[in-house]
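K.L.:
My structure file data-v4.txt, compact mmCIF, C-alpha atoms and all ligand atoms, is below:
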# COMPACT_ATOMS: atom_id res chain seq x y z
CA MET U 1 -15.16 14.10 -20.07
CA LYS U 2 -11.40 13.74 -19.90
CA ARG U 3 -9.74 11.77 -17.11
CA ALA U 4 -6.22 12.82 -16.10
CA TYR U 5 -3.36 10.39 -15.87
CA ASN U 6 -2.98 10.42 -12.11
CA PHE U 7 0.48 9.56 -10.78
CA GLY U 8 -0.29 10.78 -7.27
CA ALA U 9 1.15 8.85 -4.32
CA GLY U 10 -2.02 8.73 -2.27
CA PRO U 11 -4.91 9.11 -2.33
CA SER U 12 -4.30 7.94 -5.83
CA ALA U 13 -5.81 6.69 -9.05
CA LEU U 14 -8.84 4.40 -8.96
CA PRO U 15 -9.84 2.28 -11.96
CA THR U 16 -12.11 4.32 -14.23
CA SER U 17 -14.46 1.36 -14.69
CA VAL U 18 -14.85 1.09 -10.91
CA LEU U 19 -15.74 4.76 -10.62
CA GLU U 20 -18.23 4.36 -13.45
CA ILE U 21 -20.00 1.54 -11.64
CA ALA U 22 -19.98 3.52 -8.40
CA GLY U 23 -21.40 6.50 -10.28
CA LYS U 24 -24.19 4.47 -11.82
CA GLU U 25 -25.08 2.91 -8.50
CA LEU U 26 -24.76 6.07 -6.46
CA LEU U 27 -28.44 7.01 -6.17
CA SER U 28 -29.95 3.56 -6.16
CA PHE U 29 -27.83 0.55 -5.31
CA LYS U 30 -29.22 -2.68 -6.79
CA ASP U 31 -32.65 -1.09 -7.31
CA SER U 32 -33.01 -0.47 -3.58
CA GLY U 33 -33.85 3.20 -4.08
CA ILE U 34 -31.00 4.21 -1.77
CA SER U 35 -27.27 4.69 -2.04
CA ILE U 36 -25.06 2.08 -0.40
CA MET U 37 -23.89 5.02 1.77
CA GLU U 38 -27.43 5.35 3.10
CA ALA U 39 -27.86 1.67 3.91
CA SER U 40 -27.71 0.34 7.46
CA HIS U 41 -24.54 -1.56 8.15
CA ARG U 42 -26.82 -4.25 9.60
CA SER U 43 -28.90 -4.55 6.41
CA LYS U 44 -28.72 -7.43 3.96
CA LEU U 45 -28.04 -4.89 1.21
CA TYR U 46 -24.79 -3.82 2.86
CA ASP U 47 -23.89 -7.16 4.39
CA ASP U 48 -23.60 -8.84 0.99
CA VAL U 49 -21.01 -6.24 -0.04
CA HIS U 50 -19.11 -6.63 3.23
CA GLN U 51 -18.97 -10.44 3.06
CA ASN U 52 -18.06 -10.39 -0.61
CA ALA U 53 -15.13 -8.03 -0.01
CA ILE U 54 -13.75 -10.35 2.68
CA LYS U 55 -14.32 -13.37 0.45
CA LEU U 56 -12.45 -11.71 -2.43
CA VAL U 57 -9.48 -10.73 -0.26
CA ARG U 58 -9.26 -14.40 0.75
CA LYS U 59 -9.65 -15.68 -2.78
CA LEU U 60 -7.31 -13.25 -4.54
CA TYR U 61 -4.61 -13.60 -1.90
CA ASN U 62 -5.06 -17.35 -1.57
CA LEU U 63 -5.23 -16.68 2.15
CA PRO U 64 -4.86 -19.64 4.52
CA ASP U 65 -7.82 -20.29 6.87
CA ASP U 66 -5.92 -19.29 9.97
CA PHE U 67 -5.99 -15.61 8.96
CA ASP U 68 -8.71 -13.04 9.60
CA VAL U 69 -9.44 -10.08 7.33
CA LEU U 70 -10.36 -6.93 9.25
CA PHE U 71 -11.72 -3.59 8.08
CA LEU U 72 -10.64 -0.83 10.44
CA GLN U 73 -10.23 2.94 10.50
CA GLY U 74 -7.48 5.32 11.54
CA GLY U 75 -5.18 4.65 8.59
CA ALA U 76 -1.90 2.81 8.56
CA SER U 77 -0.71 5.40 11.07
CA LEU U 78 -2.97 3.98 13.78
CA GLN U 79 -1.56 0.53 13.02
CA PHE U 80 1.88 1.81 14.02
CA ALA U 81 0.46 2.01 17.56
CA MET U 82 -2.03 -0.87 17.46
CA VAL U 83 0.64 -3.38 16.50
CA PRO U 84 2.70 -3.01 19.70
CA MET U 85 -0.49 -2.56 21.79
CA ASN U 86 -1.84 -5.89 20.58
CA LEU U 87 1.24 -8.01 19.97
CA TYR U 88 3.82 -7.04 22.56
CA MET U 89 3.99 -9.47 25.49
CA GLY U 90 6.87 -8.11 27.55
CA GLY U 91 9.70 -9.64 25.53
CA LYS U 92 11.28 -7.72 22.67
CA ALA U 93 10.40 -6.44 19.23
CA GLU U 94 12.62 -5.71 16.23
CA TYR U 95 12.16 -3.18 13.44
CA ALA U 96 13.82 -2.60 10.09
CA ASN U 97 14.09 1.07 9.13
CA SER U 98 13.75 1.53 5.37
CA GLY U 99 12.41 5.07 5.33
CA ALA U 100 10.01 7.70 6.61
CA TRP U 101 7.09 5.34 7.28
CA SER U 102 9.29 2.84 9.10
CA LYS U 103 10.50 5.69 11.29
CA LYS U 104 6.94 6.63 12.16
CA ALA U 105 6.18 3.03 13.10
CA ILE U 106 9.30 2.97 15.28
CA LYS U 107 8.26 6.24 16.95
CA GLU U 108 5.02 4.62 18.13
CA ALA U 109 6.92 1.66 19.57
CA GLU U 110 8.92 4.22 21.53
CA ILE U 111 5.74 5.91 22.76
CA GLN U 112 4.34 2.56 23.87
CA GLY U 113 7.50 2.09 25.92
CA ILE U 114 8.12 -1.43 24.64
CA ASN U 115 11.53 -3.07 24.54
CA PHE U 116 12.58 -2.94 20.90
CA GLU U 117 15.59 -2.64 18.67
CA VAL U 118 16.12 -1.31 15.15
CA VAL U 119 18.20 -4.15 13.71
CA ALA U 120 18.56 -2.90 10.14
CA SER U 121 18.53 0.51 8.51
CA SER U 122 19.34 2.12 5.18
CA SER U 123 19.33 5.60 6.66
CA GLU U 124 23.03 6.18 5.98
CA SER U 125 22.62 5.86 2.23
CA GLY U 126 19.58 8.15 2.19
CA PHE U 127 17.17 5.18 2.08
CA ASP U 128 18.11 4.38 -1.49
CA GLU U 129 17.96 0.63 -0.81
CA ILE U 130 16.28 -2.06 1.22
CA PRO U 131 18.58 -2.91 4.12
CA GLU U 132 19.86 -6.41 4.79
CA VAL U 133 17.44 -7.73 7.42
CA LYS U 134 18.02 -10.60 9.84
CA PHE U 135 15.47 -10.78 12.63
CA SER U 136 15.85 -12.84 15.82
CA ASP U 137 13.62 -15.87 16.13
CA ASP U 138 12.42 -15.07 19.65
CA CYS U 139 10.71 -11.68 19.24
CA ASP U 140 7.13 -10.88 20.18
CA PHE U 141 7.00 -9.42 16.69
CA CYS U 142 9.22 -7.94 13.95
CA HIS U 143 8.21 -5.10 11.64
CA ILE U 144 9.06 -4.07 8.08
CA THR U 145 7.69 -1.62 5.51
CA SER U 146 7.06 -3.58 2.33
CA ASN U 147 7.20 -0.67 -0.09
CA ASN U 148 8.74 2.69 0.71
CA THR U 149 6.36 5.09 -0.92
CA ILE U 150 8.60 8.14 -0.64
CA TYR U 151 12.00 6.68 -1.55
CA GLY U 152 10.71 4.22 -4.13
CA THR U 153 12.24 1.06 -2.70
CA GLN U 154 10.54 -2.30 -2.15
CA TYR U 155 11.36 -5.67 -0.62
CA LYS U 156 11.65 -8.28 -3.37
CA SER U 157 10.88 -10.97 -0.80
CA TYR U 158 10.09 -10.84 2.89
CA PRO U 159 12.66 -11.82 5.52
CA LYS U 160 12.33 -15.28 7.00
CA THR U 161 11.98 -15.46 10.78
CA LYS U 162 10.31 -17.63 13.38
CA SER U 163 9.06 -14.46 15.07
CA PRO U 164 5.69 -13.08 13.96
CA LEU U 165 6.38 -10.79 11.00
CA VAL U 166 4.33 -7.61 10.70
CA ILE U 167 4.26 -5.81 7.36
CA ASP U 168 3.14 -2.31 6.48
CA ALA U 169 1.96 -2.91 2.90
CA SER U 170 0.10 0.37 2.52
CA SER U 171 1.54 1.14 -0.89
CA ASP U 172 1.78 -2.31 -2.40
CA ILE U 173 -1.14 -4.33 -1.05
CA PHE U 174 -2.81 -6.41 -3.80
CA SER U 175 0.01 -5.58 -6.21
CA ARG U 176 1.73 -8.99 -6.05
CA GLU U 177 1.26 -12.40 -4.53
CA VAL U 178 2.25 -12.95 -0.89
CA ASP U 179 3.98 -15.90 0.71
CA TRP U 180 1.75 -16.21 3.79
CA ASP U 181 4.14 -18.69 5.40
CA ARG U 182 6.36 -15.70 6.11
CA VAL U 183 3.71 -13.20 7.17
CA ASP U 184 1.65 -12.95 10.36
CA LEU U 185 0.09 -9.53 10.12
CA MET U 186 -0.22 -7.27 7.08
CA TYR U 187 -1.83 -3.84 7.18
CA ALA U 188 -2.55 -1.08 4.72
CA GLY U 189 -4.38 2.19 4.48
CA ALA U 190 -6.64 1.60 1.46
CA GLN U 191 -6.01 4.89 -0.30
CA LYS U 192 -2.98 3.90 -2.35
CA ASN U 193 -3.77 0.61 -3.99
CA ALA U 194 -7.13 -0.50 -2.64
CA GLY U 195 -9.71 2.24 -2.46
CA PRO U 196 -10.45 5.58 -0.84
CA SER U 197 -8.99 6.90 2.40
CA GLY U 198 -10.83 6.09 5.61
CA LEU U 199 -10.53 2.33 5.33
CA THR U 200 -7.65 0.31 6.78
CA ILE U 201 -7.20 -3.34 5.84
CA VAL U 202 -5.62 -5.72 8.35
CA ILE U 203 -4.87 -9.35 7.60
CA ILE U 204 -3.90 -11.12 10.80
CA ARG U 205 -3.03 -14.65 11.83
CA LYS U 206 -5.66 -15.73 14.32
CA ASN U 207 -3.20 -16.96 16.94
CA LEU U 208 -2.14 -13.34 17.51
CA LEU U 209 -5.59 -12.16 18.56
CA ASP U 210 -5.55 -13.28 22.18
CA ARG U 211 -2.36 -11.57 23.28
CA VAL U 212 -3.97 -8.22 23.91
CA LYS U 213 -4.00 -6.81 27.44
CA GLU U 214 -7.19 -5.80 29.28
CA SER U 215 -5.97 -2.21 29.47
CA VAL U 216 -6.19 -1.72 25.68
CA PRO U 217 -9.36 0.18 24.68
CA THR U 218 -12.02 -1.93 22.99
CA MET U 219 -11.72 -0.18 19.63
CA LEU U 220 -7.94 -0.61 19.56
CA ARG U 221 -8.03 -4.39 19.92
CA TYR U 222 -7.89 -6.53 16.79
CA LYS U 223 -9.92 -9.12 18.68
CA THR U 224 -12.91 -6.78 18.95
CA GLN U 225 -13.35 -6.58 15.19
CA ALA U 226 -12.22 -10.15 14.56
CA ASP U 227 -15.00 -11.44 16.87
CA ALA U 228 -17.54 -9.15 15.20
CA ASN U 229 -16.48 -9.74 11.58
CA SER U 230 -15.52 -6.04 11.42
CA LEU U 231 -19.05 -5.00 12.38
CA TYR U 232 -18.54 -4.20 16.06
CA ASN U 233 -19.43 -0.61 15.24
CA THR U 234 -20.24 1.16 11.98
CA PRO U 235 -17.51 0.32 9.47
CA PRO U 236 -16.53 2.72 6.66
CA THR U 237 -19.20 1.25 4.42
CA PHE U 238 -18.59 3.27 1.27
CA GLY U 239 -14.86 2.53 1.40
CA ILE U 240 -15.55 -1.18 1.77
CA TYR U 241 -18.01 -0.98 -1.14
CA LEU U 242 -15.30 0.58 -3.32
CA LEU U 243 -12.73 -1.95 -2.13
CA ASN U 244 -15.14 -4.68 -3.16
CA LEU U 245 -15.47 -3.18 -6.65
CA ILE U 246 -11.68 -2.93 -6.95
CA LEU U 247 -11.25 -6.55 -5.89
CA GLU U 248 -13.84 -7.59 -8.47
CA TRP U 249 -11.88 -5.58 -11.04
CA ILE U 250 -8.67 -7.45 -10.09
CA ASP U 251 -10.53 -10.75 -10.21
CA GLU U 252 -11.82 -10.00 -13.71
CA LYS U 253 -8.31 -9.18 -14.87
CA GLY U 254 -7.30 -12.68 -13.86
CA GLY U 255 -6.08 -12.12 -10.32
CA ILE U 256 -3.12 -10.67 -8.51
CA ALA U 257 -0.47 -12.53 -10.54
CA LYS U 258 -1.86 -10.89 -13.70
CA VAL U 259 -1.88 -7.47 -12.08
CA ASP U 260 1.71 -8.06 -10.96
CA GLU U 261 2.75 -8.87 -14.54
CA GLU U 262 1.24 -5.62 -15.71
CA ASN U 263 2.90 -3.73 -12.86
CA GLN U 264 6.26 -5.18 -13.92
CA ARG U 265 5.70 -4.09 -17.50
CA LYS U 266 4.80 -0.56 -16.44
CA ALA U 267 7.79 -0.28 -14.08
CA LYS U 268 10.19 -1.62 -16.71
CA LEU U 269 9.02 0.94 -19.23
CA LEU U 270 9.65 3.77 -16.82
CA TYR U 271 12.94 2.54 -15.38
CA ASP U 272 14.24 1.86 -18.89
CA ALA U 273 13.42 5.43 -19.81
CA ILE U 274 15.46 6.63 -16.84
CA ASP U 275 18.37 4.24 -17.47
CA ASN U 276 18.52 4.99 -21.20
CA SER U 277 18.49 8.77 -20.83
CA ASN U 278 22.30 9.16 -20.84
CA GLY U 279 22.16 10.46 -17.30
CA PHE U 280 19.52 13.10 -17.96
CA TYR U 281 17.29 11.29 -15.46
CA THR U 282 18.60 9.51 -12.37
CA GLY U 283 16.57 7.13 -10.23
CA HIS U 284 16.73 7.51 -6.45
CA ALA U 285 16.68 3.80 -5.59
CA GLN U 286 19.52 1.40 -6.22
CA LYS U 287 18.56 -1.00 -8.99
CA ASP U 288 18.07 -4.13 -6.90
CA SER U 289 15.77 -2.27 -4.47
CA ARG U 290 13.58 -0.54 -7.02
CA SER U 291 9.87 -0.31 -6.28
CA LEU U 292 7.29 -1.40 -8.84
CA MET U 293 4.85 1.09 -7.30
CA ASN U 294 6.67 4.38 -6.76
CA VAL U 295 9.40 5.57 -9.10
CA SER U 296 11.32 8.46 -7.51
CA PHE U 297 13.76 10.24 -9.80
CA ASN U 298 15.62 13.46 -10.50
CA ILE U 299 16.80 15.39 -13.49
CA LYS U 300 20.61 15.59 -13.78
CA ASP U 301 22.34 17.68 -11.10
CA LYS U 302 18.98 17.74 -9.29
CA ASP U 303 18.19 20.77 -11.43
CA SER U 304 15.10 22.06 -9.67
CA GLU U 305 14.28 24.54 -12.42
CA LEU U 306 14.16 21.82 -15.05
CA GLU U 307 12.19 19.61 -12.69
CA ALA U 308 9.60 22.34 -12.23
CA LYS U 309 9.47 22.82 -15.99
CA LEU U 310 8.85 19.13 -16.60
CA LEU U 311 6.13 19.10 -13.94
CA ALA U 312 4.43 22.05 -15.62
CA GLU U 313 4.58 20.40 -19.05
CA ALA U 314 3.21 17.16 -17.62
CA ASP U 315 0.40 19.02 -15.93
CA LYS U 316 -0.50 20.71 -19.20
CA ALA U 317 -0.61 17.33 -20.90
CA GLY U 318 -2.99 15.94 -18.27
CA MET U 319 -0.42 14.06 -16.17
CA ILE U 320 -0.72 15.00 -12.53
CA GLY U 321 0.71 14.10 -9.14
CA LEU U 322 4.33 13.83 -10.28
CA LYS U 323 5.97 16.11 -7.74
CA GLY U 324 8.36 14.24 -5.46
CA HIS U 325 7.71 14.09 -1.72
CA ARG U 326 8.75 17.28 0.04
CA SER U 327 11.42 15.37 1.99
CA ILE U 328 13.46 14.31 -1.06
CA GLY U 329 12.26 16.59 -3.87
CA GLY U 330 12.59 15.67 -7.52
CA LEU U 331 9.81 13.73 -9.21
CA ARG U 332 7.87 10.63 -8.30
CA ALA U 333 5.59 8.63 -10.54
CA SER U 334 3.31 6.35 -8.56
CA ILE U 335 2.19 3.58 -10.85
CA TYR U 336 -0.21 1.62 -8.68
CA ASN U 337 -2.53 -1.13 -9.96
CA ALA U 338 -5.08 1.38 -11.26
CA VAL U 339 -2.60 3.42 -13.33
CA PRO U 340 -2.93 2.11 -16.90
CA TYR U 341 0.01 1.19 -19.13
CA GLU U 342 -0.99 4.01 -21.51
CA ALA U 343 -0.43 6.52 -18.72
CA VAL U 344 3.14 5.32 -18.27
CA GLU U 345 3.65 5.38 -22.04
CA ALA U 346 2.46 8.97 -22.18
CA LEU U 347 4.82 9.92 -19.37
CA VAL U 348 7.79 8.16 -20.94
CA ASN U 349 7.11 9.87 -24.27
CA LEU U 350 7.08 13.25 -22.59
CA MET U 351 10.28 12.41 -20.70
CA HIS U 352 12.10 11.43 -23.93
CA ASP U 353 10.95 14.53 -25.68
CA PHE U 354 11.76 16.77 -22.73
CA ALA U 355 15.27 15.33 -22.40
CA LYS U 356 15.92 15.95 -26.10
CA ARG U 357 14.82 19.56 -25.86
CA ASN U 358 16.69 20.31 -22.63
CA SER U 359 19.96 18.35 -22.79
C1 LIG U 401 0.79 6.38 3.16
C2 LIG U 401 1.51 5.43 4.02
C3 LIG U 401 1.26 5.33 5.40
C4 LIG U 401 0.30 6.25 6.10
O1 LIG U 401 -0.98 5.89 5.83
P1 LIG U 401 -2.24 6.61 6.51
O2 LIG U 401 -3.36 5.72 6.10
O3 LIG U 401 -2.31 7.99 5.94
O4 LIG U 401 -2.03 6.63 7.97
C5 LIG U 401 1.95 4.38 6.11
N1 LIG U 401 2.83 3.56 5.53
C6 LIG U 401 3.09 3.61 4.21
C7 LIG U 401 4.07 2.66 3.60
C8 LIG U 401 2.44 4.54 3.41
O5 LIG U 401 2.71 4.61 2.10
Starting from the file, lay out its structure as structure tokens.
Ligand SMILES: *Cc1c(COP(=O)(O)O)cnc(C)c1O
P.N.:
Amino acid sequence: MKRAYNFGAGPSALPTSVLEIAGKELLSFKDSGISIMEASHRSKLYDDVHQNAIKLVRKLYNLPDDFDVLFLQGGASLQFAMVPMNLYMGGKAEYANSGAWSKKAIKEAEIQGINFEVVASSSESGFDEIPEVKFSDDCDFCHITSNNTIYGTQYKSYPKTKSPLVIDASSDIFSREVDWDRVDLMYAGAQKNAGPSGLTIVIIRKNLLDRVKESVPTMLRYKTQADANSLYNTPPTFGIYLLNLILEWIDEKGGIAKVDEENQRKAKLLYDAIDNSNGFYTGHAQKDSRSLMNVSFNIKDKDSELEAKLLAEADKAGMIGLKGHRSIGGLRASIYNAVPYEAVEALVNLMHDFAKRNS
């Protein structure tokens, strides 16, 4: 059986070895005679997986004790609304707008009717960079998007503020180490770098849990799942099982710092190919804002015919998911943790060859 090189933006590649384990264990998990999907979420069989996944998030991220790890549903998109619902206390909030996902987060703040301001934006330059961000120190919370999946830009470090900093890390969670002194809440839909869709990971500083108002529905309060260790109701058990396997895979590789090194090597290979193409390829992001996860690029003059031709050739060679987001066109190679170096090599080889034939 041949596995494709999957450069899709999300849902995206999972480590082959993880899928092999999941396949082997699918009908009978740990000799139980049932699939983990068929196990009660109150059973010991499942509980061991659940606890281990939380333990590994803590270990791999070197997470301080005053944080909780929550497994929720509703995707990162529900977090856009849950953040203001749970953290806003009648003061003000501040947002940085670095692209489409930031805008969606801001839209939910608007819907909640909270007092907020967008204090930084890279909208004028077509979101080709991370804006300069300076948050006030007296906000109920501030919000940034760590990695801009569509535009291919990424914060190199997080802004420093005395206000609680909330980070949408949907497309770069577990890809690099985090300075938890600067972060108070991090959330991510699992389907880009951490598992299948249907699972949302929230890492929250415990002192933020008690702010929530009585009028917020039980299931939309962080405190509900924090008090119940994410077992208030039935969690997405199969997603958490896969997350656990992925975390074990990262652990075996030597941890997040090791994965980050590999991510840097992959990104360098691809960006070098773009930069050394004599202008045949052009990257969307400005160099100092480039993402290690999503590489958005065009062919010279945004030649859509050539772009389609390259996509077709890639597809034929078993490289899929390279079409750019419909909002900016061009191509995008998502090179998340699970995309192997060989995949990027194969892509870069094709790009060289294609440029030679079509210049
Ligand atoms: C994909 C993505 C989202 C949306 O995630 P869902 O889980 O589909 O709601 C939000 N933010 C970022 C940065 C993303 O890449």
K.L.:
May I ask you to write as a PyMOL selection string all residues lying at most 10 Å from ligand LIG 401 (chain U), with all atoms listed in the file counted?
P.N.:
chain U and resi 9-11+73-80+98-105+144-150+154+167-173+187-193+196-201+294
K.L.:
Convert the current residue selection to file output with C-alpha atoms, as a PDB file, keeping the file's coordinate frame.
P.N.:
ATOM      1  CA  ALA U   9       1.150   8.850  -4.320  1.00  0.00           C
ATOM      2  CA  GLY U  10      -2.020   8.730  -2.270  1.00  0.00           C
ATOM      3  CA  PRO U  11      -4.910   9.110  -2.330  1.00  0.00           C
ATOM      4  CA  GLN U  73     -10.230   2.940  10.500  1.00  0.00           C
ATOM      5  CA  GLY U  74      -7.480   5.320  11.540  1.00  0.00           C
ATOM      6  CA  GLY U  75      -5.180   4.650   8.590  1.00  0.00           C
ATOM      7  CA  ALA U  76      -1.900   2.810   8.560  1.00  0.00           C
ATOM      8  CA  SER U  77      -0.710   5.400  11.070  1.00  0.00           C
ATOM      9  CA  LEU U  78      -2.970   3.980  13.780  1.00  0.00           C
ATOM     10  CA  GLN U  79      -1.560   0.530  13.020  1.00  0.00           C
ATOM     11  CA  PHE U  80       1.880   1.810  14.020  1.00  0.00           C
ATOM     12  CA  SER U  98      13.750   1.530   5.370  1.00  0.00           C
ATOM     13  CA  GLY U  99      12.410   5.070   5.330  1.00  0.00           C
ATOM     14  CA  ALA U 100      10.010   7.700   6.610  1.00  0.00           C
ATOM     15  CA  TRP U 101       7.090   5.340   7.280  1.00  0.00           C
ATOM     16  CA  SER U 102       9.290   2.840   9.100  1.00  0.00           C
ATOM     17  CA  LYS U 103      10.500   5.690  11.290  1.00  0.00           C
ATOM     18  CA  LYS U 104       6.940   6.630  12.160  1.00  0.00           C
ATOM     19  CA  ALA U 105       6.180   3.030  13.100  1.00  0.00           C
ATOM     20  CA  ILE U 144       9.060  -4.070   8.080  1.00  0.00           C
ATOM     21  CA  THR U 145       7.690  -1.620   5.510  1.00  0.00           C
ATOM     22  CA  SER U 146       7.060  -3.580   2.330  1.00  0.00           C
ATOM     23  CA  ASN U 147       7.200  -0.670  -0.090  1.00  0.00           C
ATOM     24  CA  ASN U 148       8.740   2.690   0.710  1.00  0.00           C
ATOM     25  CA  THR U 149       6.360   5.090  -0.920  1.00  0.00           C
ATOM     26  CA  ILE U 150       8.600   8.140  -0.640  1.00  0.00           C
ATOM     27  CA  GLN U 154      10.540  -2.300  -2.150  1.00  0.00           C
ATOM     28  CA  ILE U 167       4.260  -5.810   7.360  1.00  0.00           C
ATOM     29  CA  ASP U 168       3.140  -2.310   6.480  1.00  0.00           C
ATOM     30  CA  ALA U 169       1.960  -2.910   2.900  1.00  0.00           C
ATOM     31  CA  SER U 170       0.100   0.370   2.520  1.00  0.00           C
ATOM     32  CA  SER U 171       1.540   1.140  -0.890  1.00  0.00           C
ATOM     33  CA  ASP U 172       1.780  -2.310  -2.400  1.00  0.00           C
ATOM     34  CA  ILE U 173      -1.140  -4.330  -1.050  1.00  0.00           C
ATOM     35  CA  TYR U 187      -1.830  -3.840   7.180  1.00  0.00           C
ATOM     36  CA  ALA U 188      -2.550  -1.080   4.720  1.00  0.00           C
ATOM     37  CA  GLY U 189      -4.380   2.190   4.480  1.00  0.00           C
ATOM     38  CA  ALA U 190      -6.640   1.600   1.460  1.00  0.00           C
ATOM     39  CA  GLN U 191      -6.010   4.890  -0.300  1.00  0.00           C
ATOM     40  CA  LYS U 192      -2.980   3.900  -2.350  1.00  0.00           C
ATOM     41  CA  ASN U 193      -3.770   0.610  -3.990  1.00  0.00           C
ATOM     42  CA  PRO U 196     -10.450   5.580  -0.840  1.00  0.00           C
ATOM     43  CA  SER U 197      -8.990   6.900   2.400  1.00  0.00           C
ATOM     44  CA  GLY U 198     -10.830   6.090   5.610  1.00  0.00           C
ATOM     45  CA  LEU U 199     -10.530   2.330   5.330  1.00  0.00           C
ATOM     46  CA  THR U 200      -7.650   0.310   6.780  1.00  0.00           C
ATOM     47  CA  ILE U 201      -7.200  -3.340   5.840  1.00  0.00           C
ATOM     48  CA  ASN U 294       6.670   4.380  -6.760  1.00  0.00           C
TER      49      ASN U 294
END
K.L.:
Within 12 Å of segment 113-127 of chain U, counting all atoms listed in the file, which residues qualify if same-chain residues fewer than 3 places away don't, as a compact mmCIF listing (two decimals) with C-alpha atoms, in the coordinates of the input?
P.N.:
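As a result, out.txt now contains:
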# COMPACT_ATOMS: atom_id res chain seq x y z
CA ALA U 81 0.46 2.01 17.56
CA VAL U 83 0.64 -3.38 16.50
CA PRO U 84 2.70 -3.01 19.70
CA MET U 85 -0.49 -2.56 21.79
CA ASN U 86 -1.84 -5.89 20.58
CA LEU U 87 1.24 -8.01 19.97
CA TYR U 88 3.82 -7.04 22.56
CA MET U 89 3.99 -9.47 25.49
CA GLY U 90 6.87 -8.11 27.55
CA GLY U 91 9.70 -9.64 25.53
CA LYS U 92 11.28 -7.72 22.67
CA ALA U 93 10.40 -6.44 19.23
CA GLU U 94 12.62 -5.71 16.23
CA TYR U 95 12.16 -3.18 13.44
CA ALA U 96 13.82 -2.60 10.09
CA ASN U 97 14.09 1.07 9.13
CA SER U 98 13.75 1.53 5.37
CA GLY U 99 12.41 5.07 5.33
CA ALA U 100 10.01 7.70 6.61
CA TRP U 101 7.09 5.34 7.28
CA SER U 102 9.29 2.84 9.10
CA LYS U 103 10.50 5.69 11.29
CA ALA U 105 6.18 3.03 13.10
CA ILE U 106 9.30 2.97 15.28
CA LYS U 107 8.26 6.24 16.95
CA GLU U 108 5.02 4.62 18.13
CA ALA U 109 6.92 1.66 19.57
CA GLU U 110 8.92 4.22 21.53
CA ILE U 130 16.28 -2.06 1.22
CA PRO U 131 18.58 -2.91 4.12
CA GLU U 132 19.86 -6.41 4.79
CA VAL U 133 17.44 -7.73 7.42
CA LYS U 134 18.02 -10.60 9.84
CA PHE U 135 15.47 -10.78 12.63
CA SER U 136 15.85 -12.84 15.82
CA CYS U 139 10.71 -11.68 19.24
CA ASP U 140 7.13 -10.88 20.18
CA PHE U 141 7.00 -9.42 16.69
CA CYS U 142 9.22 -7.94 13.95
CA HIS U 143 8.21 -5.10 11.64
CA ILE U 144 9.06 -4.07 8.08
CA THR U 145 7.69 -1.62 5.51
CA ASN U 147 7.20 -0.67 -0.09
CA ASN U 148 8.74 2.69 0.71
CA THR U 149 6.36 5.09 -0.92
CA ILE U 150 8.60 8.14 -0.64
CA TYR U 151 12.00 6.68 -1.55
CA GLY U 152 10.71 4.22 -4.13
CA THR U 153 12.24 1.06 -2.70
CA GLN U 154 10.54 -2.30 -2.15
CA PRO U 159 12.66 -11.82 5.52
CA HIS U 284 16.73 7.51 -6.45
CA ALA U 285 16.68 3.80 -5.59
CA GLN U 286 19.52 1.40 -6.22
CA SER U 289 15.77 -2.27 -4.47
CA ARG U 290 13.58 -0.54 -7.02
CA SER U 296 11.32 8.46 -7.51
CA SER U 327 11.42 15.37 1.99
CA ILE U 328 13.46 14.31 -1.06
K.L.:
Edge lengths and centre in Å to one decimal, as lines of an AutoDock Vina configuration file, of the axis-aligned box that encloses all listed atoms of segment 35-44 of chain U with 4 Å added on every side?
P.N.:
center_x = -26.4
center_y = -1.0
center_z = 3.8
size_x = 13.0
size_y = 20.8
size_z = 19.6
K.L.:
Give me the residues near Glu307 of chain U as a PyMOL selection string, where near means some atom within 10 Å (using only C-alpha atoms) and where sequence neighbours in that chain fewer than 4 positions away do not count.
P.N.:
chain U and resi 297-300+302-303+311-313+323-324+329-331
K.L.:
Between atom CA of Leu269 of chain U and atom CA of Ala314 of chain U, what distance in Å does the model show, to one decimal?
P.N.:
17.3 Å
K.L.:
Just want the 12 Å neighbourhood of Glu25 of chain U, counted on all atoms listed in the file, with same-chain residues fewer than 3 positions away dropped. Output as a compact mmCIF listing (two decimals) with C-alpha atoms, keeping the file's coordinate frame.
P.N.:
# COMPACT_ATOMS: atom_id res chain seq x y z
CA VAL U 18 -14.85 1.09 -10.91
CA LEU U 19 -15.74 4.76 -10.62
CA GLU U 20 -18.23 4.36 -13.45
CA ILE U 21 -20.00 1.54 -11.64
CA ALA U 22 -19.98 3.52 -8.40
CA SER U 28 -29.95 3.56 -6.16
CA PHE U 29 -27.83 0.55 -5.31
CA LYS U 30 -29.22 -2.68 -6.79
CA ASP U 31 -32.65 -1.09 -7.31
CA SER U 32 -33.01 -0.47 -3.58
CA GLY U 33 -33.85 3.20 -4.08
CA ILE U 34 -31.00 4.21 -1.77
CA SER U 35 -27.27 4.69 -2.04
CA ILE U 36 -25.06 2.08 -0.40
CA MET U 37 -23.89 5.02 1.77
CA PHE U 238 -18.59 3.27 1.27
CA TYR U 241 -18.01 -0.98 -1.14
CA LEU U 242 -15.30 0.58 -3.32
CA LEU U 245 -15.47 -3.18 -6.65
K.L.:
Please indicate the distance in Å from atom CA of Gly321 of chain U to atom CA of Glu345 of chain U, rounded to one decimal place.
P.N.:
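Distance reported for this atom pair: 15.8 Å.
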K.L.:
Figure out the distance between atom CA of Leu72 of chain U and atom CA of Pro235 of chain U, please, to one decimal in Å.
P.N.:
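Going from atom CA of Pro235 of chain U over to atom CA of Leu72 of chain U covers 7.0 Å.
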K.L.:
When you count only C-alpha atoms, which of these residues is closest to Ala333 of chain U: U:Lys266, U:Lys356, U:His50, U:Arg176?
P.N.:
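Closest candidate: U:Lys266.
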